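See below for final38.txt, which holds compact mmCIF, C-alpha atoms and all ligand atoms.
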```txt
# COMPACT_ATOMS: atom_id res chain seq x y z
CA MET A 1 92.73 127.42 42.42
CA ASN A 2 94.58 125.28 44.95
CA ASP A 3 93.62 121.64 45.38
CA CYS A 4 93.04 121.39 49.13
CA SER A 5 93.30 117.59 49.12
CA THR A 6 97.04 117.80 48.40
CA GLN A 7 97.80 120.27 51.21
CA VAL A 8 99.73 118.88 54.18
CA ALA A 9 98.73 119.76 57.75
CA PRO A 10 100.74 122.67 59.16
CA THR A 11 103.36 121.61 61.67
CA GLY A 12 102.13 121.67 65.26
CA THR A 13 103.72 123.32 68.27
CA VAL A 14 105.35 121.43 71.15
CA TYR A 15 104.75 122.76 74.66
CA LEU A 16 107.29 121.62 77.26
CA VAL A 17 105.08 121.86 80.33
CA GLY A 18 105.85 121.51 84.03
CA ALA A 19 103.14 119.58 85.88
CA GLY A 20 104.37 120.62 89.33
CA PRO A 21 105.15 118.26 92.20
CA GLY A 22 101.90 116.30 92.45
CA ASP A 23 99.09 118.33 94.02
CA PRO A 24 96.89 119.14 90.99
CA GLU A 25 96.10 122.57 92.45
CA LEU A 26 99.75 123.51 91.96
CA LEU A 27 99.40 123.19 88.20
CA THR A 28 99.57 126.56 86.43
CA ARG A 29 96.49 127.84 84.63
CA LYS A 30 98.48 127.77 81.42
CA ALA A 31 99.40 124.09 81.87
CA HIS A 32 95.75 123.30 82.61
CA ARG A 33 94.56 125.12 79.46
CA LEU A 34 97.16 123.46 77.22
CA LEU A 35 96.36 120.00 78.58
CA GLY A 36 92.70 120.50 77.81
CA ALA A 37 93.47 121.56 74.24
CA ALA A 38 96.34 119.19 73.32
CA ASP A 39 96.12 116.80 70.37
CA ALA A 40 98.84 114.63 71.92
CA ILE A 41 100.37 114.36 75.40
CA VAL A 42 103.76 112.78 75.98
CA HIS A 43 104.16 112.04 79.69
CA ASP A 44 106.15 110.07 82.23
CA TYR A 45 105.70 108.45 85.64
CA LEU A 46 106.02 111.53 87.84
CA VAL A 47 102.80 113.08 86.56
CA ALA A 48 99.88 112.42 88.93
CA PRO A 49 96.76 110.67 87.55
CA GLU A 50 94.58 113.60 88.77
CA ILE A 51 96.55 115.83 86.43
CA MET A 52 96.27 113.42 83.51
CA ALA A 53 92.50 113.48 84.14
CA LEU A 54 92.48 117.14 83.04
CA ALA A 55 93.68 116.18 79.56
CA ASN A 56 91.60 116.53 76.42
CA PRO A 57 89.80 113.14 76.31
CA ALA A 58 90.47 112.97 72.57
CA ALA A 59 94.23 113.52 72.94
CA GLU A 60 96.63 110.77 71.94
CA LEU A 61 98.54 109.73 75.09
CA VAL A 62 102.13 108.59 74.75
CA PHE A 63 103.77 107.20 77.89
CA VAL A 64 107.54 107.45 77.80
CA GLY A 65 108.91 106.37 81.13
CA LYS A 66 108.53 104.57 84.39
CA LYS A 67 110.69 104.83 87.48
CA GLY A 68 113.25 102.36 88.74
CA GLY A 69 114.27 99.68 86.29
CA GLY A 70 110.91 99.58 84.44
CA PHE A 71 110.26 100.68 80.87
CA CYS A 72 112.08 103.89 80.05
CA CYS A 73 112.07 105.32 76.58
CA PRO A 74 115.57 106.49 75.53
CA GLN A 75 115.91 110.27 75.44
CA ARG A 76 116.60 110.39 71.67
CA GLU A 77 113.46 108.33 71.08
CA ILE A 78 111.36 110.80 73.12
CA GLU A 79 112.76 113.66 71.04
CA SER A 80 111.88 111.93 67.78
CA ILE A 81 108.35 111.19 69.04
CA LEU A 82 107.87 114.93 69.73
CA VAL A 83 109.16 115.84 66.26
CA ARG A 84 107.04 113.17 64.53
CA LEU A 85 103.82 114.23 66.30
CA ALA A 86 104.40 117.92 65.55
CA ARG A 87 105.16 117.17 61.88
CA ALA A 88 101.86 115.28 61.74
CA GLY A 89 100.21 118.62 62.56
CA LYS A 90 99.52 117.93 66.24
CA ASN A 91 99.84 120.37 69.09
CA VAL A 92 101.83 118.39 71.61
CA VAL A 93 102.13 118.78 75.38
CA ARG A 94 105.32 117.23 76.70
CA LEU A 95 104.34 116.97 80.35
CA LYS A 96 107.02 116.62 83.00
CA GLY A 97 107.01 116.46 86.79
CA GLY A 98 107.98 119.71 88.52
CA ASP A 99 109.64 122.15 86.15
CA PRO A 100 110.79 121.07 82.69
CA PHE A 101 114.12 122.89 82.97
CA VAL A 102 115.13 121.59 86.41
CA PHE A 103 116.65 118.09 86.11
CA GLY A 104 113.98 117.36 83.54
CA ARG A 105 115.94 117.11 80.29
CA GLY A 106 113.71 119.86 78.91
CA GLY A 107 116.81 121.60 77.58
CA GLU A 108 117.75 118.61 75.45
CA GLU A 109 114.22 118.34 74.08
CA ALA A 110 114.08 122.07 73.27
CA GLU A 111 117.42 121.79 71.43
CA ALA A 112 116.11 118.84 69.40
CA LEU A 113 113.01 120.86 68.46
CA VAL A 114 115.13 123.81 67.33
CA GLU A 115 117.24 121.48 65.19
CA ALA A 116 114.08 120.02 63.62
CA GLY A 117 112.59 123.48 63.00
CA ILE A 118 109.57 122.85 65.26
CA ALA A 119 107.96 125.75 67.13
CA PHE A 120 107.94 125.31 70.91
CA GLU A 121 107.05 127.02 74.18
CA ILE A 122 108.23 126.35 77.74
CA VAL A 123 105.71 126.42 80.58
CA PRO A 124 107.43 126.48 83.98
CA GLY A 125 106.13 124.35 86.83
CA VAL A 126 106.60 124.34 90.60
CA THR A 127 109.81 122.40 91.01
CA SER A 128 109.77 119.71 93.69
CA ALA A 129 112.45 121.31 95.90
CA LEU A 130 110.34 124.45 96.29
CA ALA A 131 107.19 122.44 96.86
CA ALA A 132 108.81 120.00 99.30
CA ALA A 133 110.24 122.87 101.33
CA ALA A 134 106.99 124.84 101.38
CA TYR A 135 104.82 121.86 102.34
CA ALA A 136 107.35 120.68 104.95
CA GLY A 137 107.59 124.10 106.58
CA VAL A 138 111.13 125.02 105.49
CA PRO A 139 111.84 128.56 104.25
CA LEU A 140 114.75 127.90 101.89
CA THR A 141 116.18 131.32 102.65
CA HIS A 142 115.85 133.07 105.98
CA ARG A 143 117.60 136.24 107.14
CA ALA A 144 118.93 134.49 110.23
CA HIS A 145 120.05 131.23 108.62
CA ALA A 146 120.71 131.13 104.86
CA SER A 147 120.96 133.60 102.02
CA SER A 148 121.53 131.22 99.12
CA VAL A 149 120.07 127.97 97.82
CA VAL A 150 121.63 125.30 95.62
CA PHE A 151 119.76 122.62 93.61
CA LEU A 152 121.88 119.48 93.15
CA THR A 153 121.35 116.07 91.64
CA GLY A 154 122.44 113.07 93.68
CA HIS A 155 121.86 110.79 90.71
CA GLU A 156 125.49 110.72 89.68
CA ASP A 157 127.55 108.01 91.36
CA PRO A 158 129.55 110.03 93.93
CA THR A 159 132.24 107.34 94.21
CA LYS A 160 133.22 107.82 90.55
CA PRO A 161 136.75 109.25 90.42
CA ASP A 162 135.64 111.67 87.65
CA SER A 163 132.46 112.75 89.51
CA VAL A 164 131.53 116.23 88.23
CA ILE A 165 130.01 117.32 91.55
CA HIS A 166 132.66 118.24 94.12
CA TRP A 167 130.53 117.55 97.16
CA GLU A 168 133.25 118.70 99.57
CA ASP A 169 133.01 122.22 98.09
CA TYR A 170 129.26 122.37 98.79
CA GLY A 171 130.01 121.61 102.44
CA LYS A 172 131.70 125.01 102.71
CA LEU A 173 129.06 127.23 101.10
CA GLY A 174 126.74 127.95 104.02
CA ALA A 175 123.88 127.64 101.52
CA THR A 176 120.71 125.59 101.81
CA LEU A 177 121.31 122.48 99.68
CA CYS A 178 118.37 120.80 97.93
CA LEU A 179 119.16 117.34 96.73
CA TYR A 180 117.10 115.78 93.94
CA MET A 181 117.37 112.02 93.22
CA GLY A 182 119.66 111.69 96.20
CA MET A 183 118.30 108.74 98.18
CA LYS A 184 120.43 106.00 96.64
CA ASN A 185 123.73 107.81 97.19
CA LEU A 186 122.78 109.68 100.38
CA GLU A 187 125.34 107.97 102.60
CA THR A 188 128.29 108.88 100.35
CA ILE A 189 127.01 112.38 99.63
CA THR A 190 126.52 113.30 103.29
CA ARG A 191 129.93 111.83 104.16
CA ARG A 192 131.60 113.94 101.47
CA LEU A 193 129.76 117.09 102.62
CA GLN A 194 131.11 116.49 106.13
CA ALA A 195 134.60 115.94 104.71
CA GLY A 196 134.21 119.41 103.17
CA GLY A 197 133.55 120.92 106.59
CA LEU A 198 129.79 120.75 107.07
CA ALA A 199 129.12 120.05 110.75
CA PRO A 200 127.70 116.56 111.41
CA GLU A 201 124.80 118.06 113.39
CA THR A 202 123.65 120.19 110.41
CA PRO A 203 119.91 119.56 110.01
CA ALA A 204 118.80 117.42 107.05
CA LEU A 205 115.18 116.87 106.11
CA VAL A 206 113.90 114.17 103.76
CA VAL A 207 110.55 114.90 102.09
CA GLN A 208 109.01 112.08 100.13
CA SER A 209 106.08 112.44 97.69
CA ALA A 210 105.74 116.09 98.67
CA THR A 211 102.32 117.73 98.29
CA THR A 212 100.51 114.41 97.71
CA GLY A 213 98.42 112.22 100.03
CA ASP A 214 101.57 110.09 100.52
CA HIS A 215 103.66 113.05 101.74
CA ARG A 216 106.13 112.04 104.50
CA GLN A 217 108.99 113.92 106.07
CA LEU A 218 111.83 113.07 108.41
CA LEU A 219 114.11 115.53 110.17
CA SER A 220 117.59 114.31 111.04
CA THR A 221 121.20 115.51 110.79
CA ILE A 222 123.64 115.00 107.95
CA ALA A 223 125.54 112.49 110.09
CA LYS A 224 122.46 110.31 110.59
CA VAL A 225 120.01 111.03 107.77
CA ALA A 226 121.10 108.22 105.43
CA LEU A 227 120.68 105.53 108.08
CA GLU A 228 117.55 106.95 109.69
CA SER A 229 115.73 107.48 106.40
CA GLU A 230 116.64 103.98 105.26
CA HIS A 231 115.32 102.50 108.52
CA ALA A 232 112.11 104.49 108.18
CA GLY A 233 111.67 103.17 104.61
CA PHE A 234 112.04 106.47 102.77
CA GLY A 235 112.69 106.31 99.03
CA ALA A 236 112.13 108.08 95.70
CA PRO A 237 110.66 110.46 94.84
CA ALA A 238 112.22 112.50 97.63
CA ILE A 239 114.02 115.79 98.15
CA VAL A 240 116.63 116.18 100.88
CA VAL A 241 116.97 119.70 102.27
CA ILE A 242 120.27 120.28 104.07
CA GLY A 243 121.04 123.36 106.16
CA GLU A 244 120.01 125.25 109.29
CA VAL A 245 116.62 126.16 107.77
CA ALA A 246 115.59 122.48 107.72
CA ALA A 247 115.20 122.58 111.53
CA LEU A 248 112.40 125.16 111.17
CA SER A 249 110.18 122.31 109.98
CA THR A 250 109.62 121.35 113.63
CA LYS A 251 107.92 124.73 114.09
CA LEU A 252 106.40 125.37 110.66
CA ALA A 253 105.35 121.94 109.32
CA TRP A 254 101.69 122.22 108.44
CA PHE A 255 100.94 119.73 105.67
CA GLN A 256 102.12 116.47 107.25
CA SER A 257 99.68 116.87 110.13
CA ALA A 258 96.90 117.82 107.69
CA VAL A 259 97.57 114.57 105.76
CA ALA A 260 97.62 112.58 109.03
CA ASP A 261 94.35 114.22 110.15
CA ARG A 262 92.69 113.36 106.84
CA ALA A 263 93.94 109.75 107.10
CA GLY A 264 92.58 109.63 110.67
CA VAL A 265 89.18 110.89 109.51
CA CYS A 266 89.14 108.28 106.73
CA ALA A 267 90.20 105.48 109.11
CA SER A 268 87.58 106.40 111.70
CA ALA A 269 84.92 106.80 109.01
CA SER A 270 85.55 103.33 107.57
N1 LIG B 301 111.77 118.26 86.90
C1 LIG B 301 111.52 117.77 88.24
C2 LIG B 301 112.65 116.91 88.76
C3 LIG B 301 112.78 115.60 88.02
S1 LIG B 301 114.05 114.60 88.68
C4 LIG B 301 111.24 118.95 89.19
O1 LIG B 301 111.41 120.10 88.77
O2 LIG B 301 110.83 118.71 90.31
C5 LIG B 301 113.12 113.50 89.70
C6 LIG B 301 113.34 113.83 91.15
O3 LIG B 301 112.54 114.94 91.54
C7 LIG B 301 112.94 112.75 92.13
O4 LIG B 301 113.92 111.73 92.22
C8 LIG B 301 112.85 113.55 93.40
O5 LIG B 301 114.12 113.87 93.89
C9 LIG B 301 112.21 114.83 92.90
N2 LIG B 301 110.74 114.82 93.04
C10 LIG B 301 109.83 114.87 92.07
N3 LIG B 301 108.58 114.92 92.58
C11 LIG B 301 108.72 114.90 93.92
C12 LIG B 301 107.81 114.95 95.02
N4 LIG B 301 106.48 115.03 94.85
N5 LIG B 301 108.33 114.93 96.28
C13 LIG B 301 109.66 114.88 96.49
N6 LIG B 301 110.55 114.83 95.48
C14 LIG B 301 110.10 114.84 94.22
```

Please express what this file holds, its structure, as structure tokens.
Ligand code: SAH
Amino acid sequence: MNDCSTQVAPTGTVYLVGAGPGDPELLTRKAHRLLGAADAIVHDYLVAPEIMALANPAAELVFVGKKGGGFCCPQREIESILVRLARAGKNVVRLKGGDPFVFGRGGEEAEALVEAGIAFEIVPGVTSALAAAAYAGVPLTHRAHASSVVFLTGHEDPTKPDSVIHWEDYGKLGATLCLYMGMKNLETITRRLQAGGLAPETPALVVQSATTGDHRQLLSTIAKVALESEHAGFGAPAIVVIGEVAALSTKLAWFQSAVADRAGVCASAS
């Protein structure tokens, strides 16, 4: 007969889960179920507190990152935390803002899990470009205006001589461009897009904290958006949507006014 006391716990599974852009109702049912059942949750700053409130109260919470200059756990360290927790027999939810495979380093984490022989699943989430566009009233494709969409990161320093993104080329595509992490370098990026041939009056929409109570949006043009958004105090987390479709937000915006109405109700009630 086996001596059970010497048996080690079976290795757990790691779920790389997208938490969506902020509004807890945009969480998938699968993400909700896994959060409620997780033994451990490894999360970062982009995940809203209302979503963390859905977690199994007994789950071990491991915080691995804060925006802008604050504590940020190195990527390799995050990967070894996931491996260690799974080897301790825990089912782990690695919770990320938006979608884990869109500018979320989910690919690197999945590769590390494969190398360590840990079972994993990927749970997609509503990525912030889709959510920002939907809540701001911008159809990313439209038969009259755009038939392709590009997701780009503005995180890379665009003045680097060996910059991997050739911004000038994207100015020629006629696609809707969705810029993640683009606020810091917006001036250079929009200048390079214009150098590539994008007309200065092309509409550009900044959407900050999309889908949350702090949602704000600003419609401008690529010639003016960097300056105007800076003057209006816009900052991360924000998506910039560039292309003719962005102008439809003047007609189709529905969420910003709902947020303003709610704020008005709260102000008049207090
Ligand atoms: N995996 C995430 C992206 C992470 S990169 C996703 O799929 O959405 C972080 C960037 O995402 C931010 O700098 C910002 O550009 C964008 N972002 C995340 N949440 C956002 C939100 N609620 N509103 C606008 N942009 C957001």

Surroundings of ligand LIG 301 (chain B) up to 6 Å, based on only C-alpha atoms and all ligand atoms, as number ranges by chain: A: 21-22, 97-100, 102-104, 127-128, 132, 180-181, 207-210, 236-239

Name all residues at most 10 Å from Ala19 in chain A (count all atoms listed in the file; drop same-chain ones fewer than 5 positions away) and give them as a list of chain:residue names.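 Here the answer would be A:Pro24, A:Leu26, A:Leu27, A:Thr28, A:Ala31, A:His32, A:Leu35, A:His43, A:Leu46, A:Val47, A:Ala48, A:Ile51, A:Met52, A:Arg94, A:Leu95, A:Lys96, A:Gly97, A:Gly98, A:Asp99, A:Pro100, A:Val123, A:Pro124, A:Gly125, A:Val126, A:Thr127.
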
Give the answer as one residue: which of A:Thr153, A:Thr221, A:Ser80, A:Thr250 has the shortest atom-to-atom distance to His166 in chain A, using only C-alpha atoms?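 Among the listed residues, A:Thr153 lies closest to His166 in chain A.
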
Looking at A:Glu201, A:Glu111, A:Glu121, A:Glu77, which one is nearest to Leu34 in chain A, with distances taken over all atoms listed in the file?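 Answer, going by the shortest atom-to-atom distance: A:Glu121.
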
One decimal, in Å: what's the spacing between CA of His142 in chain A and CA of Pro200 in chain A? 21.0 Å

Nearest to Ala144 in chain A: which of A:Leu248, A:Leu173, A:Ala86, A:Val240 is it, counting all atoms listed in the file?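 Counting all atoms listed in the file, the residue closest to Ala144 in chain A is A:Leu248.
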
Min atom-atom distance to Thr176 in chain A from the set A:Glu50, A:Glu244, A:Glu230, A:Glu60, counting only C-alpha atoms, belongs to A:Glu244

Proximity to Leu218 in chain A - best of A:Val206, A:Ala116, A:Val42, A:Cys178, only C-alpha atoms: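 Of the candidates, the smallest distance to Leu218 in chain A is held by A:Val206.
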
One-decimal distance in Å that lies between CA of Lys172 in chain A and CA of Pro139 in chain A: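 Taking CA of Pro139 in chain A and CA of Lys172 in chain A, their separation equals 20.2 Å.
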
Between A:Val259, A:Thr190, A:Gly106, A:Ile242, which has the minimum distance to Val17 in chain A (counting only C-alpha atoms)?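 Nearest to Val17 in chain A: A:Gly106.
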
At what distance in Å, to one decimal, does CA of Gly36 in chain A lie from CA of Tyr15 in chain A?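 Separating CA of Tyr15 in chain A from CA of Gly36 in chain A is a distance of 12.7 Å.
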